[in-house]
file upload01.cif (mmCIF, N, CA and C atoms)
data_start
loop_
_atom_site.label_atom_id
_atom_site.label_comp_id
_atom_site.auth_asym_id
_atom_site.auth_seq_id
_atom_site.Cartn_x
_atom_site.Cartn_y
_atom_site.Cartn_z
N MET W 288 -175.25 -60.47 -201.80
CA MET W 288 -176.06 -60.03 -202.93
C MET W 288 -177.45 -60.62 -202.81
N ARG W 289 -178.41 -59.84 -203.11
CA ARG W 289 -179.78 -60.29 -202.99
C ARG W 289 -180.57 -59.93 -204.24
N GLY W 290 -181.62 -60.69 -204.48
CA GLY W 290 -182.63 -60.35 -205.45
C GLY W 290 -182.16 -60.18 -206.88
N LEU W 291 -182.61 -59.09 -207.46
CA LEU W 291 -182.38 -58.83 -208.87
C LEU W 291 -180.90 -58.65 -209.19
N SER W 292 -180.14 -57.99 -208.31
CA SER W 292 -178.72 -57.80 -208.60
C SER W 292 -177.98 -59.13 -208.64
N ALA W 293 -178.34 -60.07 -207.77
CA ALA W 293 -177.72 -61.39 -207.80
C ALA W 293 -178.05 -62.13 -209.08
N MET W 294 -179.30 -62.00 -209.52
CA MET W 294 -179.69 -62.65 -210.77
C MET W 294 -178.96 -62.03 -211.96
N LEU W 295 -178.80 -60.72 -211.96
CA LEU W 295 -178.10 -60.05 -213.06
C LEU W 295 -176.62 -60.43 -213.10
N VAL W 296 -175.98 -60.49 -211.95
CA VAL W 296 -174.57 -60.89 -211.90
C VAL W 296 -174.43 -62.32 -212.41
N ALA W 297 -175.29 -63.21 -211.93
CA ALA W 297 -175.22 -64.60 -212.37
C ALA W 297 -175.52 -64.73 -213.86
N ALA W 298 -176.47 -63.97 -214.36
CA ALA W 298 -176.81 -64.02 -215.79
C ALA W 298 -175.65 -63.51 -216.64
N MET W 299 -174.99 -62.44 -216.21
CA MET W 299 -173.85 -61.92 -216.97
C MET W 299 -172.70 -62.92 -216.98
N VAL W 300 -172.42 -63.53 -215.83
CA VAL W 300 -171.36 -64.54 -215.77
C VAL W 300 -171.74 -65.74 -216.65
N GLY W 301 -172.99 -66.16 -216.59
CA GLY W 301 -173.43 -67.28 -217.42
C GLY W 301 -173.31 -66.97 -218.90
N ALA W 302 -173.72 -65.79 -219.31
CA ALA W 302 -173.62 -65.41 -220.72
C ALA W 302 -172.17 -65.34 -221.17
N LEU W 303 -171.31 -64.76 -220.34
CA LEU W 303 -169.89 -64.66 -220.67
C LEU W 303 -169.26 -66.04 -220.81
N CYS W 304 -169.51 -66.90 -219.85
CA CYS W 304 -168.92 -68.24 -219.89
C CYS W 304 -169.56 -69.11 -220.98
N GLY W 305 -170.84 -68.93 -221.23
CA GLY W 305 -171.47 -69.66 -222.34
C GLY W 305 -170.89 -69.25 -223.68
N ALA W 306 -170.67 -67.96 -223.85
CA ALA W 306 -170.06 -67.47 -225.09
C ALA W 306 -168.62 -67.96 -225.20
N GLY W 307 -167.91 -67.97 -224.09
CA GLY W 307 -166.54 -68.47 -224.10
C GLY W 307 -166.48 -69.95 -224.44
N TRP W 308 -167.37 -70.74 -223.85
CA TRP W 308 -167.40 -72.16 -224.16
C TRP W 308 -167.72 -72.39 -225.63
N PHE W 309 -168.72 -71.69 -226.14
CA PHE W 309 -169.12 -71.86 -227.54
C PHE W 309 -167.97 -71.47 -228.47
N SER W 310 -167.30 -70.37 -228.18
CA SER W 310 -166.17 -69.94 -229.00
C SER W 310 -165.03 -70.94 -228.93
N SER W 311 -164.81 -71.51 -227.75
CA SER W 311 -163.75 -72.52 -227.59
C SER W 311 -164.04 -73.77 -228.41
N VAL W 312 -165.30 -74.21 -228.37
CA VAL W 312 -165.67 -75.40 -229.14
C VAL W 312 -165.58 -75.11 -230.64
N GLN W 313 -166.03 -73.92 -231.05
CA GLN W 313 -165.91 -73.53 -232.46
C GLN W 313 -164.45 -73.56 -232.89
N SER W 314 -163.55 -73.06 -232.05
CA SER W 314 -162.12 -73.05 -232.36
C SER W 314 -161.55 -74.46 -232.39
N ALA W 315 -162.08 -75.35 -231.54
CA ALA W 315 -161.59 -76.72 -231.50
C ALA W 315 -161.88 -77.45 -232.81
N PHE W 316 -162.96 -77.09 -233.49
CA PHE W 316 -163.25 -77.71 -234.78
C PHE W 316 -162.24 -77.28 -235.84
N ASP W 317 -161.56 -76.16 -235.63
CA ASP W 317 -160.56 -75.68 -236.59
C ASP W 317 -159.19 -76.32 -236.38
N LEU W 318 -159.00 -77.07 -235.29
CA LEU W 318 -157.71 -77.70 -235.03
C LEU W 318 -157.45 -78.78 -236.09
N PRO W 319 -156.20 -78.94 -236.48
CA PRO W 319 -155.89 -80.00 -237.44
C PRO W 319 -156.10 -81.38 -236.81
N CYS W 320 -156.56 -82.31 -237.64
CA CYS W 320 -156.86 -83.65 -237.15
C CYS W 320 -156.32 -84.66 -238.17
N ASP W 321 -155.74 -85.77 -237.68
CA ASP W 321 -155.16 -86.77 -238.57
C ASP W 321 -156.19 -87.77 -239.08
N GLY W 322 -157.35 -87.86 -238.44
CA GLY W 322 -158.35 -88.84 -238.84
C GLY W 322 -159.31 -88.28 -239.88
N THR W 323 -160.41 -88.99 -240.06
CA THR W 323 -161.45 -88.53 -240.97
C THR W 323 -162.23 -87.40 -240.34
N GLY W 324 -163.04 -86.73 -241.12
CA GLY W 324 -163.84 -85.63 -240.60
C GLY W 324 -164.79 -86.09 -239.51
N LEU W 325 -165.36 -87.29 -239.68
CA LEU W 325 -166.31 -87.81 -238.69
C LEU W 325 -165.61 -88.15 -237.38
N SER W 326 -164.43 -88.75 -237.43
CA SER W 326 -163.72 -89.08 -236.19
C SER W 326 -163.27 -87.82 -235.46
N CYS W 327 -162.89 -86.79 -236.21
CA CYS W 327 -162.50 -85.51 -235.59
C CYS W 327 -163.71 -84.86 -234.91
N THR W 328 -164.85 -84.93 -235.57
CA THR W 328 -166.07 -84.36 -235.00
C THR W 328 -166.44 -85.06 -233.71
N PHE W 329 -166.39 -86.40 -233.69
CA PHE W 329 -166.70 -87.13 -232.47
C PHE W 329 -165.69 -86.84 -231.38
N PHE W 330 -164.40 -86.70 -231.75
CA PHE W 330 -163.38 -86.37 -230.76
C PHE W 330 -163.67 -85.02 -230.11
N VAL W 331 -164.02 -84.03 -230.92
CA VAL W 331 -164.32 -82.71 -230.37
C VAL W 331 -165.57 -82.76 -229.51
N LEU W 332 -166.63 -83.43 -229.99
CA LEU W 332 -167.89 -83.45 -229.24
C LEU W 332 -167.83 -84.31 -227.99
N LEU W 333 -167.07 -85.41 -228.02
CA LEU W 333 -167.06 -86.32 -226.87
C LEU W 333 -165.91 -86.10 -225.91
N CYS W 334 -164.84 -85.46 -226.36
CA CYS W 334 -163.68 -85.25 -225.47
C CYS W 334 -163.41 -83.78 -225.19
N VAL W 335 -163.29 -83.01 -226.26
CA VAL W 335 -162.89 -81.61 -226.10
C VAL W 335 -164.01 -80.77 -225.50
N ALA W 336 -165.24 -80.90 -226.01
CA ALA W 336 -166.36 -80.09 -225.51
C ALA W 336 -166.62 -80.31 -224.02
N PRO W 337 -166.65 -81.57 -223.52
CA PRO W 337 -166.83 -81.73 -222.07
C PRO W 337 -165.66 -81.18 -221.25
N ALA W 338 -164.43 -81.33 -221.76
CA ALA W 338 -163.28 -80.77 -221.03
C ALA W 338 -163.37 -79.25 -220.97
N LEU W 339 -163.77 -78.63 -222.08
CA LEU W 339 -163.95 -77.18 -222.09
C LEU W 339 -165.11 -76.77 -221.19
N LEU W 340 -166.15 -77.60 -221.09
CA LEU W 340 -167.26 -77.30 -220.19
C LEU W 340 -166.77 -77.22 -218.75
N VAL W 341 -165.94 -78.17 -218.35
CA VAL W 341 -165.39 -78.16 -216.99
C VAL W 341 -164.54 -76.90 -216.79
N LEU W 342 -163.72 -76.56 -217.78
CA LEU W 342 -162.90 -75.35 -217.69
C LEU W 342 -163.77 -74.10 -217.51
N TRP W 343 -164.84 -73.97 -218.29
CA TRP W 343 -165.68 -72.78 -218.21
C TRP W 343 -166.56 -72.78 -216.96
N VAL W 344 -166.88 -73.95 -216.42
CA VAL W 344 -167.61 -74.01 -215.14
C VAL W 344 -166.71 -73.48 -214.03
N VAL W 345 -165.44 -73.87 -214.05
CA VAL W 345 -164.49 -73.36 -213.05
C VAL W 345 -164.30 -71.85 -213.24
N ALA W 346 -164.26 -71.40 -214.49
CA ALA W 346 -164.14 -69.96 -214.75
C ALA W 346 -165.37 -69.22 -214.21
N ALA W 347 -166.56 -69.79 -214.40
CA ALA W 347 -167.79 -69.17 -213.88
C ALA W 347 -167.74 -69.09 -212.36
N TRP W 348 -167.28 -70.16 -211.73
CA TRP W 348 -167.16 -70.14 -210.27
C TRP W 348 -166.20 -69.03 -209.84
N GLY W 349 -165.05 -68.93 -210.53
CA GLY W 349 -164.08 -67.91 -210.20
C GLY W 349 -164.64 -66.50 -210.37
N LEU W 350 -165.39 -66.28 -211.44
CA LEU W 350 -165.99 -64.95 -211.66
C LEU W 350 -167.04 -64.64 -210.59
N LEU W 351 -167.83 -65.62 -210.22
CA LEU W 351 -168.83 -65.38 -209.17
C LEU W 351 -168.16 -65.12 -207.82
N ARG W 352 -167.08 -65.84 -207.54
CA ARG W 352 -166.35 -65.59 -206.29
C ARG W 352 -165.69 -64.21 -206.31
N LEU W 353 -165.18 -63.83 -207.49
CA LEU W 353 -164.58 -62.51 -207.63
C LEU W 353 -165.61 -61.41 -207.38
N ALA W 354 -166.85 -61.67 -207.81
CA ALA W 354 -167.93 -60.70 -207.58
C ALA W 354 -168.52 -60.83 -206.17
N ARG W 355 -167.92 -61.68 -205.35
CA ARG W 355 -168.37 -61.93 -203.97
C ARG W 355 -169.81 -62.44 -203.94
N TYR W 356 -170.12 -63.26 -204.92
CA TYR W 356 -171.45 -63.87 -205.02
C TYR W 356 -171.46 -65.12 -204.16
N SER W 357 -172.52 -65.31 -203.42
CA SER W 357 -172.66 -66.49 -202.59
C SER W 357 -174.10 -66.99 -202.68
N PRO W 358 -174.33 -68.24 -202.83
CA PRO W 358 -173.46 -69.41 -202.94
C PRO W 358 -173.01 -69.63 -204.38
N ALA W 359 -171.71 -69.71 -204.60
CA ALA W 359 -171.18 -69.79 -205.97
C ALA W 359 -171.29 -71.19 -206.56
N TRP W 360 -170.81 -72.22 -205.84
CA TRP W 360 -170.82 -73.56 -206.44
C TRP W 360 -172.22 -74.06 -206.76
N PRO W 361 -173.19 -73.97 -205.85
CA PRO W 361 -174.53 -74.44 -206.22
C PRO W 361 -175.11 -73.68 -207.41
N THR W 362 -174.85 -72.39 -207.48
CA THR W 362 -175.36 -71.60 -208.60
C THR W 362 -174.70 -72.02 -209.90
N VAL W 363 -173.39 -72.24 -209.87
CA VAL W 363 -172.68 -72.65 -211.09
C VAL W 363 -173.15 -74.02 -211.56
N LEU W 364 -173.25 -74.97 -210.65
CA LEU W 364 -173.66 -76.32 -211.05
C LEU W 364 -175.11 -76.36 -211.54
N ALA W 365 -176.00 -75.70 -210.80
CA ALA W 365 -177.40 -75.65 -211.23
C ALA W 365 -177.55 -74.82 -212.50
N GLY W 366 -176.84 -73.71 -212.58
CA GLY W 366 -176.91 -72.86 -213.76
C GLY W 366 -176.44 -73.56 -215.02
N THR W 367 -175.35 -74.31 -214.89
CA THR W 367 -174.85 -75.07 -216.04
C THR W 367 -175.86 -76.14 -216.43
N SER W 368 -176.44 -76.81 -215.46
CA SER W 368 -177.45 -77.83 -215.77
C SER W 368 -178.67 -77.22 -216.46
N PHE W 369 -179.17 -76.11 -215.92
CA PHE W 369 -180.31 -75.44 -216.55
C PHE W 369 -179.95 -74.98 -217.97
N ALA W 370 -178.74 -74.46 -218.14
CA ALA W 370 -178.31 -73.96 -219.45
C ALA W 370 -178.24 -75.09 -220.47
N ILE W 371 -177.73 -76.25 -220.07
CA ILE W 371 -177.63 -77.39 -220.99
C ILE W 371 -179.02 -77.85 -221.41
N VAL W 372 -179.92 -77.95 -220.46
CA VAL W 372 -181.29 -78.37 -220.78
C VAL W 372 -181.97 -77.37 -221.70
N LEU W 373 -181.82 -76.09 -221.39
CA LEU W 373 -182.44 -75.05 -222.22
C LEU W 373 -181.83 -74.99 -223.62
N ALA W 374 -180.50 -75.10 -223.70
CA ALA W 374 -179.84 -75.09 -225.02
C ALA W 374 -180.26 -76.31 -225.84
N PHE W 375 -180.39 -77.46 -225.19
CA PHE W 375 -180.83 -78.67 -225.90
C PHE W 375 -182.26 -78.51 -226.40
N ALA W 376 -183.13 -77.96 -225.56
CA ALA W 376 -184.53 -77.76 -225.96
C ALA W 376 -184.63 -76.75 -227.11
N LEU W 377 -183.93 -75.63 -226.99
CA LEU W 377 -183.96 -74.63 -228.07
C LEU W 377 -183.29 -75.17 -229.34
N GLY W 378 -182.20 -75.90 -229.16
CA GLY W 378 -181.51 -76.49 -230.32
C GLY W 378 -182.37 -77.52 -231.02
N SER W 379 -183.18 -78.26 -230.26
CA SER W 379 -184.08 -79.24 -230.86
C SER W 379 -185.22 -78.56 -231.62
N ALA W 380 -185.63 -77.40 -231.15
CA ALA W 380 -186.73 -76.68 -231.80
C ALA W 380 -186.25 -75.85 -232.99
N MET W 381 -184.96 -75.64 -233.12
CA MET W 381 -184.44 -74.79 -234.19
C MET W 381 -184.83 -75.24 -235.59
N PRO W 382 -184.76 -76.54 -235.92
CA PRO W 382 -185.17 -76.92 -237.28
C PRO W 382 -186.63 -76.60 -237.58
N LEU W 383 -187.47 -76.62 -236.56
CA LEU W 383 -188.89 -76.32 -236.76
C LEU W 383 -189.13 -74.83 -236.99
N LEU W 384 -188.30 -73.99 -236.37
CA LEU W 384 -188.48 -72.55 -236.44
C LEU W 384 -187.75 -71.91 -237.62
N SER W 385 -186.74 -72.59 -238.13
CA SER W 385 -185.85 -72.08 -239.18
C SER W 385 -185.41 -70.64 -238.91
N PRO W 386 -184.66 -70.44 -237.80
CA PRO W 386 -184.20 -69.10 -237.45
C PRO W 386 -183.06 -68.65 -238.36
N PRO W 387 -182.72 -67.38 -238.31
CA PRO W 387 -181.58 -66.90 -239.09
C PRO W 387 -180.27 -67.51 -238.57
N ARG W 388 -179.25 -67.45 -239.39
CA ARG W 388 -177.96 -68.07 -239.07
C ARG W 388 -177.34 -67.51 -237.78
N TRP W 389 -177.49 -66.22 -237.51
CA TRP W 389 -176.88 -65.62 -236.33
C TRP W 389 -177.47 -66.15 -235.04
N PHE W 390 -178.67 -66.76 -235.09
CA PHE W 390 -179.32 -67.25 -233.88
C PHE W 390 -178.49 -68.35 -233.21
N VAL W 391 -177.76 -69.12 -234.01
CA VAL W 391 -176.92 -70.19 -233.46
C VAL W 391 -175.87 -69.60 -232.52
N PHE W 392 -175.34 -68.43 -232.86
CA PHE W 392 -174.31 -67.81 -232.03
C PHE W 392 -174.88 -67.16 -230.78
N VAL W 393 -176.19 -66.96 -230.73
CA VAL W 393 -176.85 -66.35 -229.58
C VAL W 393 -177.42 -67.42 -228.65
N LEU W 394 -177.66 -68.60 -229.17
CA LEU W 394 -178.34 -69.67 -228.44
C LEU W 394 -177.63 -70.05 -227.14
N VAL W 395 -176.36 -70.37 -227.21
CA VAL W 395 -175.64 -70.84 -226.02
C VAL W 395 -175.47 -69.75 -224.97
N PRO W 396 -175.00 -68.54 -225.32
CA PRO W 396 -174.91 -67.50 -224.28
C PRO W 396 -176.27 -67.14 -223.67
N PHE W 397 -177.32 -67.11 -224.49
CA PHE W 397 -178.66 -66.83 -223.97
C PHE W 397 -179.10 -67.93 -223.01
N SER W 398 -178.90 -69.18 -223.41
CA SER W 398 -179.27 -70.30 -222.54
C SER W 398 -178.49 -70.25 -221.24
N ALA W 399 -177.20 -69.94 -221.32
CA ALA W 399 -176.39 -69.86 -220.10
C ALA W 399 -176.84 -68.72 -219.21
N ALA W 400 -177.16 -67.58 -219.80
CA ALA W 400 -177.62 -66.44 -218.99
C ALA W 400 -178.92 -66.78 -218.28
N VAL W 401 -179.87 -67.37 -218.99
CA VAL W 401 -181.14 -67.74 -218.37
C VAL W 401 -180.93 -68.83 -217.32
N GLY W 402 -180.09 -69.81 -217.63
CA GLY W 402 -179.83 -70.90 -216.68
C GLY W 402 -179.21 -70.40 -215.40
N TYR W 403 -178.22 -69.53 -215.50
CA TYR W 403 -177.58 -69.00 -214.30
C TYR W 403 -178.51 -68.07 -213.54
N ALA W 404 -179.33 -67.30 -214.23
CA ALA W 404 -180.28 -66.43 -213.53
C ALA W 404 -181.31 -67.27 -212.77
N LEU W 405 -181.79 -68.36 -213.39
CA LEU W 405 -182.72 -69.25 -212.69
C LEU W 405 -182.05 -69.88 -211.47
N ALA W 406 -180.80 -70.29 -211.63
CA ALA W 406 -180.08 -70.88 -210.50
C ALA W 406 -179.89 -69.88 -209.38
N ALA W 407 -179.60 -68.63 -209.73
CA ALA W 407 -179.45 -67.59 -208.71
C ALA W 407 -180.77 -67.36 -207.99
N LYS W 408 -181.86 -67.39 -208.73
CA LYS W 408 -183.19 -67.21 -208.13
C LYS W 408 -183.49 -68.35 -207.16
N VAL W 409 -183.20 -69.58 -207.60
CA VAL W 409 -183.45 -70.75 -206.74
C VAL W 409 -182.56 -70.68 -205.50
N ALA W 410 -181.29 -70.37 -205.68
CA ALA W 410 -180.37 -70.30 -204.54
C ALA W 410 -180.77 -69.16 -203.60
N GLY W 411 -181.25 -68.07 -204.15
CA GLY W 411 -181.67 -66.93 -203.32
C GLY W 411 -182.94 -67.21 -202.56
N ASN W 412 -183.84 -68.00 -203.14
CA ASN W 412 -185.10 -68.31 -202.47
C ASN W 412 -184.91 -69.28 -201.32
N HIS W 413 -183.87 -70.10 -201.37
CA HIS W 413 -183.68 -71.08 -200.30
C HIS W 413 -182.77 -70.56 -199.20
N ARG W 414 -182.08 -69.48 -199.45
CA ARG W 414 -181.16 -68.94 -198.46
C ARG W 414 -181.96 -68.34 -197.31
N GLY W 415 -181.63 -68.76 -196.11
CA GLY W 415 -182.25 -68.19 -194.91
C GLY W 415 -183.67 -68.67 -194.67
N GLN W 416 -184.07 -69.76 -195.33
CA GLN W 416 -185.45 -70.23 -195.17
C GLN W 416 -185.70 -70.81 -193.78
N GLY W 417 -184.62 -71.35 -193.17
CA GLY W 417 -184.79 -71.99 -191.86
C GLY W 417 -184.79 -71.00 -190.72
N GLU W 418 -184.52 -69.75 -190.99
CA GLU W 418 -184.46 -68.76 -189.93
C GLU W 418 -185.87 -68.34 -189.51
N THR W 419 -186.03 -68.06 -188.24
CA THR W 419 -187.32 -67.58 -187.76
C THR W 419 -187.34 -66.08 -187.85
N PRO W 420 -188.45 -65.50 -188.29
CA PRO W 420 -188.51 -64.05 -188.41
C PRO W 420 -188.47 -63.38 -187.04
N VAL W 421 -187.83 -62.22 -187.01
CA VAL W 421 -187.72 -61.45 -185.77
C VAL W 421 -188.91 -60.52 -185.73
N ALA W 422 -189.63 -60.57 -184.62
CA ALA W 422 -190.85 -59.73 -184.50
C ALA W 422 -190.56 -58.44 -183.82
#

call {"tool": "encode", "arguments": {"input": "upload01.cif", "output": "structure tokens"}}
result
Amino acid sequence: MRGLSAMLVAAMVGALCGAGWFSSVQSAFDLPCDGTGLSCTFFVLLCVAPALLVLWVVAAWGLLRLARYSPAWPTVLAGTSFAIVLAFALGSAMPLLSPPRWFVFVLVPFSAAVGYALAAKVAGNHRGQGETPVA
């Protein structure tokens, strides 16, 4: 896969897995907990959310491999990193912008789509750089 199609495939996988992760974390907050509300929140944020992140990173890798996308692991790892940074930056700016309530549900999948597309672009730009052009 090359160029725009690789970026679109990576962006779709990123958006799907970002939405899946967000939905999983939302569902984890609904699980019954024996402790106080604060201890349950910290448990979900410090234990469950990172475990679900690993699960959805593996799912993203599997989807990219299923789509015969190469290189899958570097794109997934870089895409997840870009998505986390972008989601954190947008999430930090949210109180200043006072967006509508639905924006929270769009933030993570959008960040993941952009992060994975950037990672695909970076991975695509470095592929074959060491080769000498044939004249």

call {"tool": "atom_distance", "arguments": {"input": "upload01.cif", "atom1": "atom CA of Ala293 of chain W", "atom2": "atom CA of Phe392 of chain W"}}
result
25.3 Å

call {"tool": "residues_around", "arguments": {"input": "upload01.cif", "residues": "segment 403-411 of chain W", "least_positions_apart": "2", "cutoff": "6.5 Å", "atoms": "only N, CA and C atoms", "output": "PyMOL selection string"}}
result
chain W and resi 290+293-295+297-298+301+361-362+365-367+369-370+398-401+413-414

call {"tool": "write_last_selection", "arguments": {"input": "upload01.cif", "atoms": "N, CA and C atoms", "output": "mmCIF file, in the frame of the given file"}}
result
data_model
loop_
_atom_site.group_PDB
_atom_site.id
_atom_site.type_symbol
_atom_site.label_atom_id
_atom_site.label_comp_id
_atom_site.auth_asym_id
_atom_site.auth_seq_id
_atom_site.Cartn_x
_atom_site.Cartn_y
_atom_site.Cartn_z
ATOM 1 N N GLY W 290 -181.620 -60.690 -204.480
ATOM 2 C CA GLY W 290 -182.630 -60.350 -205.450
ATOM 3 C C GLY W 290 -182.160 -60.180 -206.880
ATOM 4 N N ALA W 293 -178.340 -60.070 -207.770
ATOM 5 C CA ALA W 293 -177.720 -61.390 -207.800
ATOM 6 C C ALA W 293 -178.050 -62.130 -209.080
ATOM 7 N N MET W 294 -179.300 -62.000 -209.520
ATOM 8 C CA MET W 294 -179.690 -62.650 -210.770
ATOM 9 C C MET W 294 -178.960 -62.030 -211.960
ATOM 10 N N LEU W 295 -178.800 -60.720 -211.960
ATOM 11 C CA LEU W 295 -178.100 -60.050 -213.060
ATOM 12 C C LEU W 295 -176.620 -60.430 -213.100
ATOM 13 N N ALA W 297 -175.290 -63.210 -211.930
ATOM 14 C CA ALA W 297 -175.220 -64.600 -212.370
ATOM 15 C C ALA W 297 -175.520 -64.730 -213.860
ATOM 16 N N ALA W 298 -176.470 -63.970 -214.360
ATOM 17 C CA ALA W 298 -176.810 -64.020 -215.790
ATOM 18 C C ALA W 298 -175.650 -63.510 -216.640
ATOM 19 N N GLY W 301 -172.990 -66.160 -216.590
ATOM 20 C CA GLY W 301 -173.430 -67.280 -217.420
ATOM 21 C C GLY W 301 -173.310 -66.970 -218.900
ATOM 22 N N PRO W 361 -173.190 -73.970 -205.850
ATOM 23 C CA PRO W 361 -174.530 -74.440 -206.220
ATOM 24 C C PRO W 361 -175.110 -73.680 -207.410
ATOM 25 N N THR W 362 -174.850 -72.390 -207.480
ATOM 26 C CA THR W 362 -175.360 -71.600 -208.600
ATOM 27 C C THR W 362 -174.700 -72.020 -209.900
ATOM 28 N N ALA W 365 -176.000 -75.700 -210.800
ATOM 29 C CA ALA W 365 -177.400 -75.650 -211.230
ATOM 30 C C ALA W 365 -177.550 -74.820 -212.500
ATOM 31 N N GLY W 366 -176.840 -73.710 -212.580
ATOM 32 C CA GLY W 366 -176.910 -72.860 -213.760
ATOM 33 C C GLY W 366 -176.440 -73.560 -215.020
ATOM 34 N N THR W 367 -175.350 -74.310 -214.890
ATOM 35 C CA THR W 367 -174.850 -75.070 -216.040
ATOM 36 C C THR W 367 -175.860 -76.140 -216.430
ATOM 37 N N PHE W 369 -179.170 -76.110 -215.920
ATOM 38 C CA PHE W 369 -180.310 -75.440 -216.550
ATOM 39 C C PHE W 369 -179.950 -74.980 -217.970
ATOM 40 N N ALA W 370 -178.740 -74.460 -218.140
ATOM 41 C CA ALA W 370 -178.310 -73.960 -219.450
ATOM 42 C C ALA W 370 -178.240 -75.090 -220.470
ATOM 43 N N SER W 398 -178.900 -69.180 -223.410
ATOM 44 C CA SER W 398 -179.270 -70.300 -222.540
ATOM 45 C C SER W 398 -178.490 -70.250 -221.240
ATOM 46 N N ALA W 399 -177.200 -69.940 -221.320
ATOM 47 C CA ALA W 399 -176.390 -69.860 -220.100
ATOM 48 C C ALA W 399 -176.840 -68.720 -219.210
ATOM 49 N N ALA W 400 -177.160 -67.580 -219.800
ATOM 50 C CA ALA W 400 -177.620 -66.440 -218.990
ATOM 51 C C ALA W 400 -178.920 -66.780 -218.280
ATOM 52 N N VAL W 401 -179.870 -67.370 -218.990
ATOM 53 C CA VAL W 401 -181.140 -67.740 -218.370
ATOM 54 C C VAL W 401 -180.930 -68.830 -217.320
ATOM 55 N N HIS W 413 -183.870 -70.100 -201.370
ATOM 56 C CA HIS W 413 -183.680 -71.080 -200.300
ATOM 57 C C HIS W 413 -182.770 -70.560 -199.200
ATOM 58 N N ARG W 414 -182.080 -69.480 -199.450
ATOM 59 C CA ARG W 414 -181.160 -68.940 -198.460
ATOM 60 C C ARG W 414 -181.960 -68.340 -197.310
#

call {"tool": "atom_distance", "arguments": {"input": "upload01.cif", "atom1": "atom CA of Phe309 of chain W", "atom2": "atom C of Val335 of chain W"}}
result
10.5 Å

call {"tool": "atom_distance", "arguments": {"input": "upload01.cif", "atom1": "atom CA of Gly305 of chain W", "atom2": "atom CA of Val395 of chain W"}}
result
5.7 Å

call {"tool": "closest_residue", "arguments": {"input": "upload01.cif", "among": "W:Ala359, W:Phe397, W:Ala315, W:Ala302", "to": "Leu377 of chain W", "atoms": "only C-alpha atoms"}}
result
W:Phe397

call {"tool": "closest_residue", "arguments": {"input": "upload01.cif", "among": "W:Ile371, W:Ala347, W:Arg352, W:Val312", "to": "Val331 of chain W", "atoms": "all atoms listed in the file"}}
result
W:Val312

call {"tool": "closest_residue", "arguments": {"input": "upload01.cif", "among": "W:Trp308, W:Pro319, W:Ser379, W:Ser385", "to": "Leu342 of chain W", "atoms": "all atoms listed in the file"}}
result
W:Trp308

call {"tool": "select_by_dssp", "arguments": {"input": "upload01.cif", "residues": "chain W", "states": "helix (DSSP H, G or I)", "output": "PyMOL selection string"}}
result
chain W and resi 290-316+324-353+359-384+390-413
